[in-house]
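Next comes model11.txt, with compact mmCIF, C-alpha atoms.
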# COMPACT_ATOMS: atom_id res chain seq x y z
CA MET A 1 -40.63 130.07 -51.25
CA ALA A 2 -40.08 129.90 -47.49
CA GLU A 3 -43.77 129.18 -46.93
CA ARG A 4 -43.71 126.34 -49.48
CA GLN A 5 -40.60 124.86 -47.85
CA THR A 6 -42.22 125.09 -44.41
CA GLY A 7 -45.37 123.44 -45.72
CA SER A 8 -43.36 120.64 -47.34
CA ALA A 9 -41.40 120.03 -44.12
CA GLU A 10 -44.59 119.91 -42.07
CA ALA A 11 -46.18 117.51 -44.54
CA ALA A 12 -43.10 115.27 -44.43
CA ALA A 13 -43.13 115.33 -40.62
CA ALA A 14 -46.83 114.45 -40.57
CA ALA A 15 -46.26 111.58 -43.00
CA MET A 16 -43.43 110.27 -40.82
CA ARG A 17 -45.60 110.42 -37.68
CA ALA A 18 -48.28 108.43 -39.49
CA LEU A 19 -45.92 105.52 -40.09
CA PRO A 20 -45.94 102.46 -37.78
CA VAL A 21 -43.51 102.99 -34.89
CA ARG A 22 -41.02 100.38 -36.08
CA GLN A 23 -40.89 101.81 -39.60
CA ARG A 24 -40.71 105.40 -38.31
CA ASN A 25 -37.80 104.63 -36.02
CA ARG A 26 -35.89 102.87 -38.78
CA LEU A 27 -36.41 105.89 -41.00
CA LEU A 28 -35.16 108.12 -38.19
CA PHE A 29 -31.99 106.04 -37.90
CA ASP A 30 -31.50 106.24 -41.68
CA LEU A 31 -31.90 110.01 -41.68
CA LEU A 32 -29.49 110.47 -38.79
CA ALA A 33 -26.91 108.24 -40.45
CA GLU A 34 -27.29 110.14 -43.71
CA ALA A 35 -26.66 113.37 -41.79
CA GLY A 36 -23.36 111.92 -40.54
CA ALA A 37 -24.39 110.79 -37.05
CA THR A 38 -23.04 107.46 -35.82
CA GLY A 39 -24.90 107.03 -32.54
CA ILE A 40 -27.93 108.02 -30.53
CA VAL A 41 -28.57 108.49 -26.79
CA ILE A 42 -31.98 107.39 -25.55
CA PRO A 43 -33.33 107.98 -22.03
CA GLY A 44 -35.40 105.13 -20.65
CA ALA A 45 -36.09 102.82 -17.74
CA ASN A 46 -32.60 101.26 -17.91
CA GLY A 47 -30.89 104.66 -17.96
CA GLU A 48 -29.59 106.96 -20.67
CA ILE A 49 -28.30 104.42 -23.16
CA GLU A 50 -26.10 105.29 -26.12
CA GLY A 51 -26.11 102.91 -29.05
CA SER A 52 -24.88 102.72 -32.61
CA LEU A 53 -27.15 103.69 -35.50
CA ALA A 54 -25.94 100.52 -37.21
CA ASP A 55 -27.66 98.48 -34.49
CA ARG A 56 -31.18 97.77 -35.72
CA THR A 57 -32.02 95.48 -32.80
CA VAL A 58 -30.91 96.45 -29.28
CA ILE A 59 -30.87 100.25 -29.47
CA LEU A 60 -33.76 100.37 -31.96
CA LYS A 61 -35.91 98.38 -29.53
CA TYR A 62 -34.79 100.64 -26.70
CA LEU A 63 -35.99 103.65 -28.71
CA LYS A 64 -39.37 101.99 -29.21
CA ASN A 65 -39.95 100.60 -25.71
CA LYS A 66 -37.71 102.86 -23.57
CA SER A 67 -36.74 99.67 -21.75
CA TRP A 68 -34.78 96.45 -22.24
CA SER A 69 -35.29 93.00 -20.63
CA VAL A 70 -38.03 94.36 -18.38
CA GLU A 71 -38.75 91.00 -16.78
CA ALA A 72 -35.09 90.32 -15.87
CA ILE A 73 -34.57 93.83 -14.53
CA ARG A 74 -37.68 93.62 -12.34
CA LEU A 75 -36.53 90.26 -11.00
CA MET A 76 -33.08 91.64 -10.20
CA GLN A 77 -34.53 94.76 -8.55
CA ALA A 78 -36.89 92.70 -6.40
CA ILE A 79 -34.01 90.54 -5.16
CA PHE A 80 -31.77 93.47 -4.32
CA ALA A 81 -34.67 95.36 -2.69
CA GLY A 82 -35.46 92.40 -0.46
CA HIS A 83 -31.95 91.23 0.43
CA GLY A 84 -29.62 94.17 -0.09
CA PRO A 85 -27.83 95.25 -3.26
CA GLY A 86 -25.23 92.45 -3.41
CA SER A 87 -23.32 91.73 -6.63
CA TRP A 88 -24.20 91.57 -10.33
CA VAL A 89 -22.01 89.73 -12.85
CA ASP A 90 -22.89 90.34 -16.50
CA LEU A 91 -21.31 87.90 -18.95
CA GLY A 92 -21.99 89.44 -22.34
CA ALA A 93 -22.65 92.95 -21.07
CA ASN A 94 -23.04 94.50 -24.55
CA ILE A 95 -23.66 98.25 -24.08
CA GLY A 96 -24.73 98.05 -20.43
CA ALA A 97 -28.52 98.05 -20.59
CA MET A 98 -28.70 95.48 -17.77
CA THR A 99 -25.59 96.37 -15.79
CA ILE A 100 -26.59 100.02 -15.36
CA PRO A 101 -29.92 99.26 -13.61
CA ALA A 102 -28.11 96.79 -11.34
CA ALA A 103 -25.61 99.49 -10.41
CA HIS A 104 -28.45 101.96 -9.86
CA ALA A 105 -29.94 99.40 -7.45
CA GLY A 106 -26.69 99.63 -5.47
CA ALA A 107 -25.02 96.40 -6.60
CA VAL A 108 -21.29 96.04 -7.14
CA CYS A 109 -21.10 95.02 -10.80
CA HIS A 110 -18.73 93.19 -13.13
CA ALA A 111 -19.39 93.67 -16.85
CA VAL A 112 -17.61 91.30 -19.26
CA GLU A 113 -17.58 92.32 -22.94
CA PRO A 114 -15.01 91.59 -25.69
CA GLU A 115 -16.07 93.61 -28.76
CA PRO A 116 -14.29 96.99 -29.05
CA SER A 117 -17.20 99.11 -30.33
CA ASN A 118 -19.69 97.73 -27.79
CA LEU A 119 -17.00 98.05 -25.13
CA ALA A 120 -16.57 101.76 -25.87
CA LEU A 121 -20.35 102.28 -25.67
CA LEU A 122 -20.49 100.26 -22.43
CA ARG A 123 -17.87 102.48 -20.81
CA ARG A 124 -19.55 105.68 -22.00
CA ASN A 125 -22.94 104.50 -20.77
CA ILE A 126 -21.52 103.61 -17.37
CA ALA A 127 -19.97 107.07 -17.07
CA ARG A 128 -23.06 108.84 -18.46
CA ASN A 129 -25.28 107.21 -15.85
CA GLY A 130 -22.98 108.01 -12.93
CA VAL A 131 -22.25 104.42 -11.85
CA ALA A 132 -18.55 104.09 -12.72
CA ASP A 133 -17.68 103.66 -9.04
CA ARG A 134 -19.80 100.48 -8.89
CA VAL A 135 -18.88 98.80 -12.18
CA THR A 136 -15.68 96.98 -13.15
CA VAL A 137 -15.40 96.40 -16.90
CA HIS A 138 -13.51 93.34 -18.13
CA GLU A 139 -12.37 93.47 -21.76
CA ALA A 140 -12.57 89.78 -22.65
CA ALA A 141 -14.78 87.03 -23.97
CA ALA A 142 -16.00 84.72 -21.20
CA TRP A 143 -14.47 81.31 -21.94
CA HIS A 144 -13.06 78.20 -20.22
CA GLU A 145 -9.39 79.00 -20.90
CA ALA A 146 -7.14 81.87 -21.92
CA ALA A 147 -7.05 82.11 -25.70
CA ALA A 148 -7.13 84.41 -28.71
CA LEU A 149 -10.34 83.59 -30.60
CA THR A 150 -12.13 84.57 -33.77
CA PHE A 151 -15.14 86.80 -33.20
CA GLU A 152 -17.91 87.39 -35.73
CA ILE A 153 -19.37 90.86 -36.12
CA ALA A 154 -23.10 90.89 -36.80
CA PRO A 155 -23.90 93.75 -39.21
CA SER A 156 -27.26 94.92 -37.84
CA ASN A 157 -27.76 93.24 -34.46
CA LEU A 158 -24.82 94.36 -32.35
CA GLY A 159 -25.96 92.07 -29.55
CA ASP A 160 -25.38 89.06 -31.81
CA HIS A 161 -21.60 89.26 -32.22
CA ARG A 162 -20.30 85.74 -31.56
CA LEU A 163 -17.25 83.62 -30.99
CA ARG A 164 -16.36 81.30 -33.85
CA THR A 165 -14.33 78.11 -33.46
CA LYS A 166 -14.87 76.71 -36.97
CA ALA A 167 -15.98 78.00 -40.36
CA PRO A 168 -19.77 78.35 -40.76
CA GLY A 169 -21.38 75.41 -42.53
CA PRO A 170 -24.15 75.22 -45.13
CA ASP A 171 -26.79 74.97 -42.39
CA SER A 172 -25.97 78.44 -41.04
CA ALA A 173 -29.18 80.31 -40.35
CA TYR A 174 -27.96 83.90 -40.13
CA GLY A 175 -25.52 84.35 -43.01
CA GLU A 176 -22.55 83.93 -40.70
CA ALA A 177 -20.15 83.13 -43.54
CA ALA A 178 -20.43 86.71 -44.79
CA ARG A 179 -19.67 88.30 -41.43
CA GLU A 180 -16.52 90.29 -40.76
CA THR A 181 -14.33 88.75 -38.08
CA ILE A 182 -11.85 90.13 -35.58
CA ALA A 183 -9.59 88.57 -32.94
CA VAL A 184 -10.54 88.92 -29.28
CA ALA A 185 -8.97 87.82 -26.02
CA ALA A 186 -10.86 85.11 -24.16
CA ARG A 187 -10.38 84.45 -20.45
CA PRO A 188 -11.80 82.06 -17.85
CA VAL A 189 -14.47 83.82 -15.84
CA ASP A 190 -12.86 82.80 -12.55
CA ALA A 191 -9.60 84.43 -13.69
CA LEU A 192 -11.46 87.71 -14.24
CA ILE A 193 -13.62 87.77 -11.12
CA ASP A 194 -12.76 86.69 -7.57
CA ALA A 195 -15.97 84.93 -6.58
CA GLY A 196 -14.97 84.83 -2.92
CA SER A 197 -14.86 88.60 -2.74
CA LEU A 198 -18.44 89.10 -3.96
CA ALA A 199 -21.05 90.31 -1.49
CA GLY A 200 -24.37 88.49 -1.56
CA PRO A 201 -26.82 88.01 -2.97
CA VAL A 202 -24.82 87.22 -6.11
CA LEU A 203 -26.67 87.34 -9.42
CA VAL A 204 -25.05 86.17 -12.65
CA LYS A 205 -26.34 86.86 -16.17
CA ALA A 206 -24.87 84.69 -18.96
CA ASP A 207 -25.91 85.68 -22.48
CA VAL A 208 -22.92 85.01 -24.73
CA GLN A 209 -24.56 83.85 -27.95
CA GLY A 210 -23.95 80.13 -27.70
CA ALA A 211 -20.75 80.18 -25.63
CA GLU A 212 -22.61 79.64 -22.35
CA ALA A 213 -21.17 76.16 -21.74
CA GLN A 214 -17.59 77.34 -22.14
CA ALA A 215 -18.17 80.49 -20.11
CA LEU A 216 -19.71 78.55 -17.23
CA ALA A 217 -16.98 75.90 -17.38
CA GLY A 218 -14.51 78.71 -16.74
CA GLY A 219 -16.65 80.09 -13.93
CA ALA A 220 -17.23 77.14 -11.62
CA ALA A 221 -16.24 79.15 -8.55
CA LEU A 222 -18.57 81.97 -9.57
CA LEU A 223 -21.48 79.59 -10.11
CA GLY A 224 -20.77 77.99 -6.76
CA ARG A 225 -21.07 81.42 -5.17
CA ALA A 226 -24.08 82.58 -7.20
CA ASP A 227 -27.49 82.61 -5.57
CA LEU A 228 -29.29 83.02 -8.87
CA ALA A 229 -28.39 83.02 -12.56
CA LEU A 230 -30.11 84.24 -15.70
CA LEU A 231 -29.06 82.01 -18.59
CA GLU A 232 -29.90 82.27 -22.28
CA TYR A 233 -30.71 78.88 -23.81
CA TRP A 234 -30.33 78.94 -27.60
CA PRO A 235 -29.85 75.49 -29.15
CA TYR A 236 -28.60 76.82 -32.49
CA GLY A 237 -25.89 78.94 -30.89
CA LEU A 238 -24.83 76.15 -28.53
CA ARG A 239 -24.43 73.54 -31.23
CA ARG A 240 -22.60 76.00 -33.43
CA LEU A 241 -19.85 76.09 -30.80
CA GLY A 242 -19.89 72.33 -30.37
CA THR A 243 -22.12 72.10 -27.29
CA ASP A 244 -24.83 69.48 -26.93
CA PRO A 245 -27.62 71.22 -24.94
CA ALA A 246 -27.90 68.18 -22.68
CA SER A 247 -24.26 68.57 -21.66
CA LEU A 248 -24.85 72.23 -20.82
CA PHE A 249 -27.74 71.28 -18.57
CA THR A 250 -25.68 68.57 -16.89
CA ALA A 251 -23.00 71.14 -16.03
CA VAL A 252 -25.51 73.71 -14.81
CA ARG A 253 -27.33 71.12 -12.69
CA ARG A 254 -24.22 70.78 -10.51
CA HIS A 255 -24.86 74.30 -9.22
CA PHE A 256 -28.62 74.90 -9.47
CA GLU A 257 -31.43 72.55 -8.47
CA TYR A 258 -34.38 74.70 -9.54
CA ALA A 259 -35.26 76.64 -12.67
CA ALA A 260 -38.00 78.59 -14.44
CA LEU A 261 -38.62 80.03 -17.86
CA LEU A 262 -38.77 83.83 -17.86
CA ALA A 263 -41.31 85.18 -20.33
CA ASP A 264 -41.36 88.66 -21.85
CA ASP A 265 -42.75 91.28 -19.44
CA GLN A 266 -43.39 88.63 -16.77
CA ALA A 267 -43.79 90.02 -13.25
CA PRO A 268 -41.47 88.52 -10.58
CA GLU A 269 -44.32 87.25 -8.43
CA THR A 270 -45.59 85.06 -11.29
CA VAL A 271 -42.27 83.25 -11.89
CA ARG A 272 -42.58 79.69 -10.58
CA LEU A 273 -39.49 77.60 -9.88
CA VAL A 274 -39.62 73.87 -10.61
CA ARG A 275 -37.03 71.13 -10.42
CA PHE A 276 -34.29 71.78 -12.93
CA ASP A 277 -34.48 68.30 -14.47
CA ASP A 278 -38.25 68.57 -14.99
CA LEU A 279 -37.94 71.86 -16.88
CA THR A 280 -34.96 70.90 -19.01
CA ALA A 281 -36.43 67.54 -20.04
CA GLY A 282 -39.14 69.42 -21.89
CA LEU A 283 -36.65 71.80 -23.48
CA LEU A 284 -34.49 68.94 -24.76
CA ALA A 285 -37.51 67.14 -26.18
CA ALA A 286 -38.50 70.28 -28.09
CA GLU A 287 -35.02 71.23 -29.29
CA GLU A 288 -35.54 70.53 -32.99
CA GLU A 289 -38.69 72.64 -33.29
CA ASN A 290 -37.12 75.43 -31.22
CA ARG A 291 -33.65 75.23 -32.77
CA THR A 292 -33.28 78.96 -33.40
CA VAL A 293 -35.46 80.17 -30.52
CA ALA A 294 -33.66 81.82 -27.59
CA LEU A 295 -35.22 81.30 -24.17
CA ASP A 296 -34.32 82.91 -20.84
CA LEU A 297 -33.89 80.59 -17.86
CA VAL A 298 -33.86 81.55 -14.20
CA LEU A 299 -31.62 79.24 -12.16
CA SER A 300 -31.81 78.99 -8.39
CA LYS A 301 -30.15 76.96 -5.67
CA GLU A 302 -33.23 77.17 -3.45
CA ARG A 303 -36.87 76.30 -4.11
CA THR A 304 -38.02 79.42 -2.27
CA PRO A 305 -37.77 82.29 -4.76
CA LEU A 306 -35.13 84.81 -3.77
CA TRP A 307 -37.23 87.61 -5.26
CA THR A 308 -40.04 87.13 -2.75
CA GLY A 309 -37.97 88.96 -0.11
Could you write out this structure as structure tokens?
Amino acid sequence: MAERQTGSAEAAAAAMRALPVRQRNRLLFDLLAEAGATGIVIPGANGEIEGSLADRTVILKYLKNKSWSVEAIRLMQAIFAGHGPGSWVDLGANIGAMTIPAAHAGAVCHAVEPEPSNLALLRRNIARNGVADRVTVHEAAAWHEAAALTFEIAPSNLGDHRLRTKAPGPDSAYGEAARETIAVAARPVDALIDAGSLAGPVLVKADVQGAEAQALAGGAALLGRADLALLEYWPYGLRRLGTDPASLFTAVRRHFEYAALLADDQAPETVRLVRFDDLTAGLLAAEEENRTVALDLVLSKERTPLWTG
């Protein structure tokens, strides 16, 4: 009996190993959840990151790749290596996969995150990776004014929780009407973080699922202080919160004259800055065909790339 059980277990393990990586990892998450586990800790290039088994996007990709936002992390590390560790401000910090490498690079970090479950994981990941002395966590949604707002909970992509200012319409692309909602506190970025106290170079990451315009409107002092920003551009998310992409670019242009698109796995030395208006003109012209595509923009005050040292 024991031999048959052992043989069956070995056959099952072999069958699991033969599956494509994505399918195998999903099965692993299912088996762990069935056994009563709620989370998983995965060592990788960004640190030891704990995530929820319900998250089939961020932490599942971290299990597969053992890294997250490689191109942005390399860019940040090159800047801090060449100019000193400076400051890192993470608007939409999620579970800390980008803040922790910045802290490991020696930066003083501010991590802004409103959702309670992600916030708990963020704090545990900061402590687990030994960087609590360099990270200040702000429990709030980055916004342009103090408010209590409705916040959607995405069921399987825990990096896609979003602020909601009106009921989802019939053109919703992600089944938002069925999402659970909670109330969160929203605060102006400049009320959370004293931009004048930040040591340079100052790097800001803004990935707040369509609320970028409001977050940056509440962070004018921070943007004025920032040497470089990493901004997610997602037309669908922007318009869902009432933002015309052109108006976002007009506001950003007050602070940054140069920009570049950051492609997946792109090495820092291959990122080429161009005039902000030249880049964004093409993005606006292609908005309809790229309505649900999220792009990462690098924003710079200077034409000379900060990451070149």
TODO: Kindly indicate which residue among A:Phe80, A:Asp55, A:Ala111, A:Tyr233 lies nearest to A:His161, using all atoms listed in the file for the distances.
DONE: A:Asp55
- [ ] Choose the residue, out of A:Ala267, A:Ala167, A:Leu295, A:Ala185, that has the smallest atom-to-atom separation from A:Ala72; count all atoms listed in the file.
- [x]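 Nearest candidate to A:Ala72 out of A:Ala267, A:Ala167, A:Leu295, A:Ala185: A:Ala267.
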TODO: Have a look at A:Ala286, A:Val112, A:Ile100, A:Ala142 and name the one nearest to A:Gly130; count all atoms listed in the file.
DONE: A:Ile100
Task: Coordinates-based distance that separates atom CA of A:Leu231 from atom CA of A:Gly169 (Å, one decimal) - done: 26.0 Å
Task: d(atom CA of A:Val252, atom CA of A:Leu273) in Å - done: 15.3 Å
Generate the missing atoms of stretch 61-79 of chain A up to N, CA and C atoms and report them as a short mmCIF file (atom, residue, chain, number, x, y, z; two decimals), in the coordinates of the input.
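So the final result, stored in out37.cif, reads:
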data_model
loop_
_atom_site.label_atom_id
_atom_site.label_comp_id
_atom_site.auth_asym_id
_atom_site.auth_seq_id
_atom_site.Cartn_x
_atom_site.Cartn_y
_atom_site.Cartn_z
N LYS A 61 -34.85 98.80 -30.44
CA LYS A 61 -35.91 98.38 -29.53
C LYS A 61 -35.97 99.28 -28.30
N TYR A 62 -34.80 99.75 -27.86
CA TYR A 62 -34.79 100.64 -26.70
C TYR A 62 -35.47 101.97 -27.04
N LEU A 63 -35.30 102.44 -28.27
CA LEU A 63 -35.99 103.65 -28.71
C LEU A 63 -37.50 103.43 -28.70
N LYS A 64 -37.94 102.26 -29.15
CA LYS A 64 -39.37 101.99 -29.21
C LYS A 64 -39.99 101.81 -27.83
N ASN A 65 -39.35 101.00 -26.99
CA ASN A 65 -39.95 100.60 -25.71
C ASN A 65 -39.47 101.41 -24.51
N LYS A 66 -38.36 102.13 -24.67
CA LYS A 66 -37.71 102.86 -23.57
C LYS A 66 -37.36 101.93 -22.41
N SER A 67 -37.13 100.66 -22.76
CA SER A 67 -36.74 99.67 -21.75
C SER A 67 -36.11 98.50 -22.48
N TRP A 68 -35.41 97.65 -21.68
CA TRP A 68 -34.78 96.45 -22.24
C TRP A 68 -34.81 95.37 -21.17
N SER A 69 -35.23 94.15 -21.55
CA SER A 69 -35.29 93.00 -20.63
C SER A 69 -36.03 93.37 -19.35
N VAL A 70 -37.24 93.89 -19.52
CA VAL A 70 -38.03 94.36 -18.38
C VAL A 70 -38.17 93.29 -17.31
N GLU A 71 -38.48 92.06 -17.74
CA GLU A 71 -38.75 91.00 -16.78
C GLU A 71 -37.51 90.66 -15.96
N ALA A 72 -36.32 90.63 -16.59
CA ALA A 72 -35.09 90.32 -15.87
C ALA A 72 -34.71 91.46 -14.93
N ILE A 73 -34.90 92.68 -15.37
CA ILE A 73 -34.57 93.83 -14.53
C ILE A 73 -35.47 93.87 -13.30
N ARG A 74 -36.75 93.62 -13.48
CA ARG A 74 -37.68 93.62 -12.34
C ARG A 74 -37.31 92.53 -11.34
N LEU A 75 -36.93 91.37 -11.86
CA LEU A 75 -36.53 90.26 -11.00
C LEU A 75 -35.30 90.65 -10.19
N MET A 76 -34.30 91.21 -10.87
CA MET A 76 -33.08 91.64 -10.20
C MET A 76 -33.38 92.72 -9.15
N GLN A 77 -34.20 93.68 -9.49
CA GLN A 77 -34.53 94.76 -8.55
C GLN A 77 -35.27 94.24 -7.33
N ALA A 78 -36.15 93.27 -7.53
CA ALA A 78 -36.89 92.70 -6.40
C ALA A 78 -35.95 91.97 -5.45
N ILE A 79 -34.97 91.26 -6.00
CA ILE A 79 -34.01 90.54 -5.16
C ILE A 79 -33.16 91.51 -4.36
#
